[in-house]
file entry-v8.cif (mmCIF, C-alpha atoms)
data_protein
loop_
_atom_site.label_atom_id
_atom_site.label_comp_id
_atom_site.auth_asym_id
_atom_site.auth_seq_id
_atom_site.Cartn_x
_atom_site.Cartn_y
_atom_site.Cartn_z
CA MET A 17 0.00 0.00 0.00
CA ALA A 18 1.47 3.38 -1.06
CA HIS A 19 1.93 6.19 1.51
CA GLN A 20 2.67 9.83 0.79
CA ALA A 21 5.79 11.26 2.50
CA HIS A 22 4.26 14.76 2.84
CA ALA A 23 1.27 16.45 4.45
CA TYR A 24 -0.25 17.86 1.28
CA HIS A 25 -3.30 16.77 -0.68
CA MET A 26 -2.69 15.51 -4.22
CA VAL A 27 -6.27 15.63 -5.44
CA ASP A 28 -7.65 12.78 -7.58
CA PRO A 29 -8.73 13.64 -11.15
CA SER A 30 -12.23 15.13 -11.13
CA PRO A 31 -14.77 16.02 -13.86
CA TRP A 32 -16.35 18.86 -11.92
CA PRO A 33 -14.07 21.71 -13.03
CA LEU A 34 -14.97 20.82 -16.62
CA THR A 35 -18.72 20.62 -15.96
CA GLY A 36 -18.45 23.91 -14.06
CA ALA A 37 -16.77 25.59 -17.02
CA ILE A 38 -19.41 24.22 -19.39
CA ALA A 39 -22.11 25.49 -17.03
CA ALA A 40 -20.50 28.96 -17.08
CA LEU A 41 -20.56 28.92 -20.88
CA LEU A 42 -24.20 27.82 -20.97
CA LEU A 43 -25.22 30.44 -18.41
CA THR A 44 -23.55 33.35 -20.18
CA SER A 45 -24.63 32.43 -23.70
CA GLY A 46 -28.03 31.37 -22.34
CA THR A 47 -28.60 34.79 -20.79
CA ALA A 48 -27.72 36.51 -24.07
CA VAL A 49 -30.04 34.17 -26.01
CA TRP A 50 -32.85 34.79 -23.53
CA PHE A 51 -32.51 38.57 -23.89
CA HIS A 52 -32.47 38.53 -27.69
CA PHE A 53 -34.40 35.43 -28.77
CA HIS A 54 -36.66 34.78 -25.74
CA SER A 55 -35.57 31.13 -25.39
CA LEU A 56 -34.82 29.74 -21.92
CA THR A 57 -33.33 26.39 -23.03
CA LEU A 58 -29.61 27.16 -22.69
CA LEU A 59 -30.12 29.08 -19.46
CA THR A 60 -32.07 26.19 -17.89
CA MET A 61 -29.43 23.66 -18.97
CA GLY A 62 -26.74 25.92 -17.52
CA ASN A 63 -28.53 26.22 -14.19
CA ILE A 64 -29.04 22.47 -13.87
CA LEU A 65 -25.41 21.77 -14.71
CA LEU A 66 -24.27 24.46 -12.26
CA LEU A 67 -26.31 22.96 -9.42
CA LEU A 68 -25.06 19.45 -10.20
CA THR A 69 -21.46 20.68 -10.32
CA MET A 70 -21.70 22.51 -7.00
CA TYR A 71 -23.38 19.62 -5.26
CA GLN A 72 -20.92 16.99 -6.45
CA TRP A 73 -17.75 19.04 -6.16
CA TRP A 74 -18.41 20.13 -2.60
CA ARG A 75 -19.67 16.64 -1.68
CA ASP A 76 -16.30 15.31 -2.87
CA ILE A 77 -14.40 17.89 -0.80
CA ILE A 78 -16.35 16.86 2.30
CA ARG A 79 -15.54 13.21 1.55
CA GLU A 80 -11.84 14.00 1.11
CA GLY A 81 -11.60 16.14 4.26
CA THR A 82 -14.03 14.73 6.78
CA PHE A 83 -14.03 11.05 5.84
CA GLN A 84 -10.61 10.45 4.27
CA GLY A 85 -8.50 12.76 6.45
CA HIS A 86 -6.79 14.67 3.64
CA HIS A 87 -7.26 18.07 5.31
CA THR A 88 -4.09 18.17 7.42
CA PRO A 89 -3.05 21.47 9.05
CA PRO A 90 -1.03 22.69 6.03
CA VAL A 91 -3.92 21.78 3.71
CA GLN A 92 -6.35 23.61 5.98
CA LYS A 93 -4.08 26.63 5.92
CA GLY A 94 -4.28 26.61 2.14
CA LEU A 95 -8.06 26.41 2.31
CA ARG A 96 -8.07 29.40 4.67
CA TYR A 97 -5.96 31.43 2.24
CA GLY A 98 -8.31 30.39 -0.53
CA MET A 99 -11.44 31.53 1.29
CA ILE A 100 -9.82 34.83 2.30
CA LEU A 101 -8.75 35.49 -1.28
CA PHE A 102 -12.21 34.65 -2.57
CA ILE A 103 -13.91 36.98 -0.10
CA THR A 104 -11.39 39.69 -1.04
CA SER A 105 -12.35 39.29 -4.69
CA GLU A 106 -16.00 39.68 -3.68
CA VAL A 107 -15.12 42.88 -1.81
CA PHE A 108 -13.72 44.25 -5.06
CA PHE A 109 -16.86 43.14 -6.89
CA PHE A 110 -19.00 45.24 -4.57
CA LEU A 111 -16.52 48.12 -4.64
CA GLY A 112 -17.36 48.50 -8.32
CA PHE A 113 -21.06 49.00 -7.59
CA PHE A 114 -20.32 51.43 -4.78
CA TRP A 115 -18.09 53.34 -7.21
CA ALA A 116 -20.96 53.51 -9.68
CA PHE A 117 -23.34 54.72 -6.99
CA TYR A 118 -21.02 57.47 -5.73
CA HIS A 119 -20.09 58.51 -9.28
CA SER A 120 -23.72 59.21 -10.07
CA SER A 121 -24.88 60.52 -6.72
CA LEU A 122 -22.03 62.90 -5.83
CA ALA A 123 -22.47 64.92 -9.05
CA PRO A 124 -26.09 64.42 -10.20
CA THR A 125 -26.60 65.42 -13.84
CA PRO A 126 -29.11 68.04 -15.07
CA GLU A 127 -31.24 65.25 -16.59
CA LEU A 128 -31.96 64.04 -13.04
CA GLY A 129 -32.84 67.52 -11.84
CA GLY A 130 -29.31 68.27 -10.59
CA CYS A 131 -30.09 66.68 -7.23
CA TRP A 132 -29.86 63.37 -5.40
CA PRO A 133 -32.22 61.63 -4.98
CA PRO A 134 -33.30 62.55 -8.54
CA THR A 135 -36.51 64.52 -9.04
CA GLY A 136 -39.54 62.29 -8.93
CA ILE A 137 -37.87 59.51 -6.93
CA ILE A 138 -39.64 58.67 -3.67
CA THR A 139 -36.95 57.03 -1.56
CA LEU A 140 -37.50 54.36 1.10
CA ASP A 141 -37.45 55.55 4.71
CA PRO A 142 -34.10 54.31 6.07
CA PHE A 143 -35.59 53.98 9.54
CA GLU A 144 -38.32 51.53 8.59
CA VAL A 145 -37.58 48.16 6.94
CA PRO A 146 -33.91 48.96 6.15
CA LEU A 147 -33.25 49.58 9.85
CA LEU A 148 -34.96 46.34 10.76
CA ASN A 149 -32.84 44.56 8.15
CA THR A 150 -29.72 46.04 9.75
CA ALA A 151 -30.78 44.77 13.17
CA VAL A 152 -31.55 41.33 11.70
CA LEU A 153 -28.13 40.95 10.09
CA LEU A 154 -26.27 42.28 13.12
CA ALA A 155 -28.20 39.88 15.33
CA SER A 156 -27.30 37.01 12.99
CA GLY A 157 -23.65 38.00 13.39
CA VAL A 158 -24.02 37.57 17.13
CA THR A 159 -25.79 34.21 16.80
CA VAL A 160 -23.20 32.85 14.34
CA THR A 161 -20.47 33.77 16.83
CA TRP A 162 -22.44 31.93 19.51
CA ALA A 163 -22.54 28.95 17.12
CA HIS A 164 -18.78 29.06 16.56
CA HIS A 165 -17.99 29.05 20.27
CA SER A 166 -20.52 26.30 20.86
CA ILE A 167 -18.76 24.12 18.28
CA MET A 168 -15.35 24.90 19.81
CA GLU A 169 -16.62 23.98 23.26
CA GLY A 170 -18.27 20.78 22.08
CA GLU A 171 -21.76 22.06 22.90
CA ARG A 172 -23.65 20.14 20.24
CA LYS A 173 -27.21 21.17 21.08
CA GLN A 174 -26.31 24.86 21.47
CA ALA A 175 -24.42 24.78 18.18
CA ILE A 176 -27.48 23.43 16.39
CA GLN A 177 -29.78 25.98 18.07
CA SER A 178 -27.58 28.99 17.33
CA LEU A 179 -26.87 27.92 13.74
CA THR A 180 -30.61 27.42 13.13
CA LEU A 181 -31.33 30.86 14.59
CA THR A 182 -28.71 32.41 12.32
CA ILE A 183 -30.24 30.80 9.24
CA LEU A 184 -33.76 31.87 10.26
CA LEU A 185 -32.55 35.47 10.61
CA GLY A 186 -31.00 35.19 7.17
CA PHE A 187 -34.31 33.98 5.71
CA TYR A 188 -36.14 36.80 7.53
CA PHE A 189 -33.81 39.34 5.91
CA THR A 190 -34.44 37.87 2.48
CA PHE A 191 -38.19 37.89 3.06
CA LEU A 192 -38.15 41.53 4.25
CA GLN A 193 -36.01 42.61 1.32
CA GLY A 194 -38.32 40.84 -1.13
CA MET A 195 -41.26 42.68 0.38
CA GLU A 196 -39.37 45.98 0.11
CA TYR A 197 -38.63 45.29 -3.56
CA TYR A 198 -42.33 44.75 -4.23
CA GLU A 199 -43.50 47.78 -2.24
CA ALA A 200 -40.86 50.20 -3.60
CA PRO A 201 -42.34 53.13 -5.55
CA PHE A 202 -39.36 53.02 -7.95
CA THR A 203 -38.06 50.25 -10.22
CA ILE A 204 -34.72 49.26 -11.74
CA ALA A 205 -35.74 51.17 -14.87
CA ASP A 206 -36.05 54.48 -13.03
CA GLY A 207 -32.84 56.04 -14.26
CA VAL A 208 -29.47 55.71 -12.57
CA TYR A 209 -31.07 55.77 -9.12
CA GLY A 210 -33.03 52.62 -9.86
CA SER A 211 -30.07 50.95 -11.54
CA THR A 212 -27.57 51.59 -8.74
CA PHE A 213 -30.10 50.76 -6.03
CA PHE A 214 -31.33 47.44 -7.40
CA VAL A 215 -28.02 46.19 -8.80
CA ALA A 216 -26.13 46.86 -5.54
CA THR A 217 -28.85 45.64 -3.17
CA GLY A 218 -29.80 42.86 -5.57
CA PHE A 219 -26.33 41.36 -5.67
CA HIS A 220 -26.15 41.76 -1.92
CA GLY A 221 -29.43 39.88 -1.54
CA LEU A 222 -28.06 37.12 -3.76
CA HIS A 223 -25.05 36.88 -1.46
CA VAL A 224 -27.35 36.64 1.57
CA ILE A 225 -29.09 33.70 -0.10
CA ILE A 226 -25.71 32.09 -0.89
CA GLY A 227 -24.51 32.69 2.68
CA SER A 228 -27.71 31.28 4.16
CA THR A 229 -27.34 28.18 1.97
CA PHE A 230 -23.71 27.75 3.06
CA LEU A 231 -24.79 27.99 6.72
CA ALA A 232 -27.64 25.53 6.10
CA VAL A 233 -25.15 23.02 4.71
CA CYS A 234 -23.04 23.55 7.85
CA LEU A 235 -26.13 22.88 9.96
CA LEU A 236 -26.73 19.59 8.16
CA ARG A 237 -23.09 18.64 8.66
CA GLN A 238 -23.14 19.61 12.35
CA VAL A 239 -26.21 17.39 12.85
CA GLN A 240 -24.32 14.55 11.16
CA TYR A 241 -21.27 14.91 13.44
CA HIS A 242 -18.88 16.17 10.74
CA PHE A 243 -17.38 18.94 12.90
CA THR A 244 -15.00 18.48 15.84
CA SER A 245 -14.13 21.10 18.39
CA GLU A 246 -10.67 21.46 16.82
CA HIS A 247 -11.49 21.02 13.13
CA HIS A 248 -14.52 22.71 11.55
CA PHE A 249 -13.13 24.83 8.76
CA GLY A 250 -16.26 24.54 6.61
CA PHE A 251 -18.19 26.29 9.35
CA GLU A 252 -15.49 28.95 9.81
CA ALA A 253 -15.54 29.69 6.08
CA ALA A 254 -19.35 30.04 6.20
CA ALA A 255 -19.10 32.35 9.22
CA TRP A 256 -16.47 34.53 7.51
CA TYR A 257 -18.68 34.79 4.43
CA TRP A 258 -21.66 35.67 6.59
CA HIS A 259 -19.75 38.48 8.37
CA PHE A 260 -18.67 39.76 4.95
CA VAL A 261 -22.32 39.85 3.82
CA ASP A 262 -23.20 41.74 7.01
CA VAL A 263 -20.44 44.33 6.48
CA VAL A 264 -21.47 44.90 2.85
CA TRP A 265 -25.04 45.52 4.07
CA LEU A 266 -23.79 48.10 6.60
CA PHE A 267 -22.02 49.98 3.80
CA LEU A 268 -25.12 49.70 1.58
CA TYR A 269 -27.33 50.94 4.39
CA VAL A 270 -25.18 53.96 5.22
CA SER A 271 -24.41 54.90 1.58
CA ILE A 272 -27.54 54.15 -0.43
CA TYR A 273 -30.37 54.00 2.09
CA TRP A 274 -29.30 56.67 4.55
CA TRP A 275 -26.96 59.17 2.85
CA GLY A 276 -28.62 58.64 -0.51
CA SER A 277 -32.12 59.48 0.70
CA MET B 26 -41.52 56.54 20.39
CA ALA B 27 -39.99 55.91 16.99
CA ALA B 28 -37.09 58.23 17.79
CA PHE B 29 -36.35 56.20 20.91
CA GLY B 30 -36.12 53.10 18.77
CA ARG B 31 -33.71 54.93 16.46
CA ILE B 32 -31.40 56.12 19.23
CA SER B 33 -31.34 52.80 21.05
CA GLN B 34 -30.63 51.01 17.79
CA THR B 35 -27.61 53.26 17.09
CA LEU B 36 -26.26 52.51 20.56
CA LEU B 37 -27.01 48.84 20.04
CA ARG B 38 -25.16 48.77 16.73
CA SER B 39 -21.97 50.33 18.09
CA SER B 40 -21.93 48.08 21.14
CA LEU B 41 -22.48 45.03 18.96
CA ILE B 42 -19.59 45.94 16.67
CA GLN B 43 -17.36 46.45 19.69
CA THR B 44 -18.34 43.14 21.24
CA ARG B 45 -17.74 41.36 17.94
CA GLN B 46 -14.26 42.85 17.62
CA LEU B 47 -13.55 41.85 21.21
CA SER B 48 -14.54 38.28 20.52
CA ALA B 49 -12.52 38.04 17.29
CA THR B 50 -9.28 38.80 19.11
CA ALA B 51 -10.11 36.76 22.19
CA ALA B 52 -11.42 33.73 20.33
CA HIS B 53 -10.02 31.21 22.77
CA GLY B 54 -10.02 33.39 25.86
CA HIS B 55 -12.17 32.40 28.82
CA GLY B 56 -12.50 28.89 27.32
CA GLU B 57 -15.74 27.34 28.43
CA GLN B 58 -17.47 30.63 29.16
CA THR B 59 -17.43 32.22 25.73
CA ALA B 60 -20.30 30.26 24.16
CA ARG B 61 -22.45 31.16 27.14
CA THR B 62 -21.48 34.84 26.78
CA TRP B 63 -22.57 34.92 23.15
CA LYS B 64 -25.75 33.04 23.97
CA ILE B 65 -26.61 35.72 26.52
CA LEU B 66 -25.74 38.46 24.03
CA SER B 67 -27.99 36.81 21.46
CA PHE B 68 -31.07 36.66 23.67
CA VAL B 69 -30.59 39.84 25.70
CA VAL B 70 -29.17 42.27 23.10
CA ALA B 71 -29.41 40.99 19.53
CA LEU B 72 -32.92 39.54 19.40
CA PRO B 73 -34.52 42.29 21.54
CA GLY B 74 -32.84 44.77 19.17
CA VAL B 75 -34.63 43.08 16.28
CA ALA B 76 -37.88 43.15 18.25
CA VAL B 77 -37.52 46.89 18.94
CA CYS B 78 -37.02 47.54 15.25
CA MET B 79 -40.04 45.40 14.38
CA LEU B 80 -42.13 47.43 16.83
CA ASN B 81 -40.76 50.67 15.40
CA MET B 82 -41.76 49.54 11.93
CA TYR B 83 -45.23 48.48 12.99
CA LEU B 84 -45.87 51.86 14.63
CA LYS B 85 -44.55 53.77 11.62
CA MET B 86 -46.78 51.80 9.27
CA GLN B 87 -49.83 52.57 11.39
CA HIS B 88 -48.87 56.23 11.34
CA HIS B 89 -48.48 56.13 7.55
CA ALA B 90 -51.81 54.45 7.03
CA ALA B 91 -53.53 57.20 9.02
CA HIS B 92 -51.72 60.18 7.47
CA HIS B 93 -50.80 59.01 3.96
CA VAL B 94 -50.67 61.73 1.27
CA GLU B 95 -50.38 60.50 -2.32
CA PRO B 96 -47.69 62.54 -4.16
CA GLU B 97 -48.78 64.02 -7.48
CA PHE B 98 -47.63 61.93 -10.45
CA VAL B 99 -45.41 63.67 -13.02
CA PRO B 100 -44.35 61.64 -16.10
CA TYR B 101 -40.69 62.69 -15.99
CA SER B 102 -38.63 61.66 -19.02
CA HIS B 103 -35.63 60.54 -16.93
CA LEU B 104 -37.69 57.86 -15.16
CA ARG B 105 -39.58 54.78 -16.38
CA ILE B 106 -36.96 54.17 -19.03
CA ARG B 107 -37.72 51.54 -21.66
CA SER B 108 -34.82 51.53 -24.11
CA LYS B 109 -35.21 47.75 -24.32
CA ARG B 110 -38.12 45.51 -23.40
CA PHE B 111 -37.82 43.32 -20.32
CA PRO B 112 -37.34 39.68 -21.42
CA TRP B 113 -40.52 38.54 -19.62
CA GLY B 114 -44.27 39.07 -19.92
CA ASP B 115 -45.26 42.05 -22.05
CA GLY B 116 -41.76 43.51 -21.68
CA ASN B 117 -43.05 46.59 -19.90
CA LYS B 118 -43.17 45.55 -16.22
CA SER B 119 -40.13 45.29 -13.97
CA LEU B 120 -39.47 42.04 -12.10
CA PHE B 121 -41.11 43.24 -8.88
CA HIS B 122 -43.81 45.31 -10.54
CA ASN B 123 -46.47 46.54 -8.14
CA PRO B 124 -49.50 48.02 -9.95
CA GLU B 125 -50.34 50.11 -6.88
CA VAL B 126 -47.07 52.05 -6.71
CA ASN B 127 -45.27 51.50 -10.02
CA ALA B 128 -46.56 53.65 -12.88
CA LEU B 129 -46.03 52.30 -16.39
CA PRO B 130 -44.88 54.39 -19.34
CA ASP B 131 -47.34 54.56 -22.22
CA VAL B 132 -45.62 52.11 -24.56
CA SER B 133 -48.40 49.59 -25.10
CA PHE B 134 -47.79 49.65 -28.85
CA LEU B 135 -44.17 48.50 -28.27
CA ASN B 136 -45.22 44.83 -28.66
CA SER B 137 -46.54 45.31 -32.18
CA LEU B 138 -43.64 47.47 -33.25
CA VAL B 139 -41.66 46.18 -36.20
CA THR B 140 -38.06 47.23 -35.78
CA GLY B 141 -35.87 48.37 -38.66
CA PRO B 142 -35.02 51.52 -40.55
CA HIS B 143 -37.98 51.24 -42.93
CA SER B 144 -40.63 50.42 -40.34
CA PRO B 145 -43.92 52.25 -40.94
CA ASN B 146 -44.35 52.61 -37.18
CA ARG B 147 -41.00 54.29 -36.71
CA LEU B 148 -42.25 57.88 -36.88
CA LEU B 149 -45.15 57.16 -34.56
CA PHE B 150 -42.74 55.41 -32.20
CA TYR B 151 -40.33 58.33 -32.09
CA SER B 152 -43.00 60.96 -31.68
CA ILE B 153 -44.49 59.30 -28.63
CA MET B 154 -41.09 58.31 -27.23
CA PHE B 155 -40.01 61.93 -27.39
CA THR B 156 -42.88 63.08 -25.25
CA SER B 157 -43.06 60.32 -22.65
CA VAL B 158 -39.76 58.44 -22.43
CA HIS B 159 -36.22 59.68 -23.08
CA LEU B 160 -34.56 57.67 -25.82
CA PRO B 161 -30.96 58.22 -26.98
CA GLN B 162 -30.34 58.56 -30.73
CA GLY B 163 -29.92 55.41 -32.81
CA THR B 164 -31.29 53.04 -30.18
CA GLN B 165 -32.36 49.63 -31.50
CA CYS B 166 -35.15 47.82 -29.70
#

call {"tool": "encode", "arguments": {"input": "entry-v8.cif", "output": "structure tokens"}}
result
Amino acid sequence: MAHQAHAYHMVDPSPWPLTGAIAALLLTSGTAVWFHFHSLTLLTMGNILLLLTMYQWWRDIIREGTFQGHHTPPVQKGLRYGMILFITSEVFFFLGFFWAFYHSSLAPTPELGGCWPPTGIITLDPFEVPLLNTAVLLASGVTVTWAHHSIMEGERKQAIQSLTLTILLGFYFTFLQGMEYYEAPFTIADGVYGSTFFVATGFHGLHVIIGSTFLAVCLLRQVQYHFTSEHHFGFEAAAWYWHFVDVVWLFLYVSIYWWGS
Amino acid sequence: MAAFGRISQTLLRSSLIQTRQLSATAAHGHGEQTARTWKILSFVVALPGVAVCMLNMYLKMQHHAAHHVEPEFVPYSHLRIRSKRFPWGDGNKSLFHNPEVNALPDVSFLNSLVTGPHSPNRLLFYSIMFTSVHLPQGTQC
């Protein structure tokens, strides 16, 4: 039986990077086809392939780490770097939308009425639902920290409770934001105000849904005894991502909802 | 009452950020106690903070329902832009369209429009576009 003389993980050949790339091609071309030719075929195929890729790739990582022991300390360190770099790239992604917002709002053009918010735009009251959303996300940051310490201290039941509470708060945020989107007196087509508002908050909402899903997977894994008090990087990555989502919201709230109103 | 909610929430927010920073640096400090600390914070600070904001919202909505004044509608040309149809439905409604609060531009003929430089509807299209919706030159739909 062969043994490796190092602590690193030489990953077995996998088809999922290829299926992921094909999914990306189908999604991009599918979106263009949908916009111009009103056909949803490519887009649907892309979505199905994307979901299958994500499910199987991450399932394999869990098998390699939790069941086969490949995630030694140096490997875990690499995974940490990876998650930090990914979140950093996401920060830059949002920076672009904040740049767009400030570009348009700091020097409003004559077409908008020379003012911000533009003439005719009825803004949302920052101290109604947006404030509640802020409280919800901040509270979820507290509960996810409770979850982390519970896992570290081997408190299984508390970990499950706090993680569930965090996910419920995440769902509540999404629900409230959906309601806000429906009740808003302006739409994405209402000039640059609508564009910057819905693109920035929309991508943020998508990230809340992604973060909630990540945490839900962690909950399932916690229930199935995957995490130990010393080794639970999947959860840590989810918690980092969740804090990132919270911080982005705080910037959105202060810039677009509060200052921009 | 609403102002109280606002002030307490601002205090809440700053204290929460401070406590989170404290915990990040002292992740393994106080060993067994830390989970309990965060549990207490969750139920005594975080969730009541959410409840206060929910109450604040409920009171504000009641106030709005009693004193709501409908603003006068002006069909500004820099709003309700339709340079390209939405890829769903009749192409005129946004994804979260709410008939009660979202006015639609008068482009009902857009569906029957034949695009192209020699379209018979082109002049009609441009004349109405000019008055109701701003359209940059040379836009294809």

call {"tool": "closest_atom_pairs", "arguments": {"input": "entry-v8.cif", "of": "chain B", "to": "chain A", "cutoff": "8 Å", "atoms": "all atoms listed in the file", "output": "CSV"}}
result
residue,atom,partner,partner_atom,distance
B:Arg31,CA,A:Phe143,CA,7.2
B:Gln34,CA,A:Ala151,CA,7.8
B:Arg38,CA,A:Leu154,CA,7.5
B:Leu41,CA,A:Leu154,CA,7.5
B:Arg45,CA,A:Val158,CA,7.4
B:Gly56,CA,A:Glu169,CA,7.6
B:Glu57,CA,A:Glu169,CA,6.2
B:Thr59,CA,A:His165,CA,6.3
B:Ala60,CA,A:His165,CA,4.7
B:Arg61,CA,A:Trp162,CA,7.7
B:Thr62,CA,A:Trp162,CA,7.9
B:Trp63,CA,A:Trp162,CA,4.7
B:Lys64,CA,A:Trp162,CA,5.7
B:Leu66,CA,A:Val158,CA,7.2
B:Ser67,CA,A:Thr159,CA,5.8
B:Ala71,CA,A:Ala155,CA,4.5
B:Leu72,CA,A:Ala155,CA,6.2
B:Gly74,CA,A:Ala151,CA,6.3
B:Val75,CA,A:Ala151,CA,5.2
B:Cys78,CA,A:Leu148,CA,5.1
B:Met79,CA,A:Leu148,CA,6.3
B:Asn81,CA,A:Glu144,CA,7.3
B:Met82,CA,A:Glu144,CA,5.2
B:Lys85,CA,A:Glu144,CA,7.3
B:Val99,CA,A:Gly136,CA,7.3
B:Tyr101,CA,A:Gly136,CA,7.2
B:His103,CA,A:Gly207,CA,5.9
B:Leu104,CA,A:Asp206,CA,4.3
B:Arg105,CA,A:Asp206,CA,4.9
B:Ile106,CA,A:Ala205,CA,5.3
B:Arg107,CA,A:Ala205,CA,7.1
B:Phe111,CA,A:Phe51,CA,8.0
B:Pro112,CA,A:Phe51,CA,5.5
B:Ser119,CA,A:Thr203,CA,6.6
B:Phe121,CA,A:Tyr198,CA,5.0
B:His122,CA,A:Tyr198,CA,6.5
B:Asn123,CA,A:Tyr198,CA,6.0
B:Val126,CA,A:Pro201,CA,5.0
B:Asn127,CA,A:Pro201,CA,5.6

call {"tool": "closest_residue", "arguments": {"input": "entry-v8.cif", "among": "B:Ala91, B:Gly114, B:Phe98, B:Ile65", "to": "Ala128 in chain B", "atoms": "only C-alpha atoms"}}
result
B:Phe98

call {"tool": "atom_distance", "arguments": {"input": "entry-v8.cif", "atom1": "CA of Arg79 in chain A", "atom2": "CA of His22 in chain A"}}
result
19.9 Å

call {"tool": "atom_distance", "arguments": {"input": "entry-v8.cif", "atom1": "CA of Thr57 in chain A", "atom2": "CA of Pro31 in chain A"}}
result
23.2 Å

call {"tool": "resolve_selection", "arguments": {"input": "entry-v8.cif", "expression": "the PyMOL selection byres ((chain A and resi 69) around 8)", "output": "list in words"}}
result
Trp32, Pro33, Thr35, Gly36, Leu65, Leu66, Leu67, Leu68, Met70, Tyr71, Gln72 and Trp73 of chain A

call {"tool": "write_last_selection", "arguments": {"input": "entry-v8.cif", "atoms": "C-alpha atoms", "output": "compact mmCIF listing (two decimals), in the coordinates of the input"}}
result
# COMPACT_ATOMS: atom_id res chain seq x y z
CA TRP A 32 -16.35 18.86 -11.92
CA PRO A 33 -14.07 21.71 -13.03
CA THR A 35 -18.72 20.62 -15.96
CA GLY A 36 -18.45 23.91 -14.06
CA LEU A 65 -25.41 21.77 -14.71
CA LEU A 66 -24.27 24.46 -12.26
CA LEU A 67 -26.31 22.96 -9.42
CA LEU A 68 -25.06 19.45 -10.20
CA MET A 70 -21.70 22.51 -7.00
CA TYR A 71 -23.38 19.62 -5.26
CA GLN A 72 -20.92 16.99 -6.45
CA TRP A 73 -17.75 19.04 -6.16

call {"tool": "atom_distance", "arguments": {"input": "entry-v8.cif", "atom1": "CA of Val270 in chain A", "atom2": "CA of Ile183 in chain A"}}
result
24.0 Å

call {"tool": "residues_around", "arguments": {"input": "entry-v8.cif", "residues": "range 225-235 of chain A", "least_positions_apart": "2", "cutoff": "10 Å", "atoms": "only C-alpha atoms", "output": "PyMOL selection string"}}
result
chain A and resi 160+175-180+182-187+189-190+219-223+237-243+248+250-261

call {"tool": "closest_residue", "arguments": {"input": "entry-v8.cif", "among": "A:His86, A:Pro133, A:Thr217, A:Arg96", "to": "Gln20 in chain A", "atoms": "only C-alpha atoms"}}
result
A:His86

call {"tool": "closest_residue", "arguments": {"input": "entry-v8.cif", "among": "A:Leu101, A:Leu56, A:Ala18, A:Ala23", "to": "Thr88 in chain A", "atoms": "all atoms listed in the file"}}
result
A:Ala23
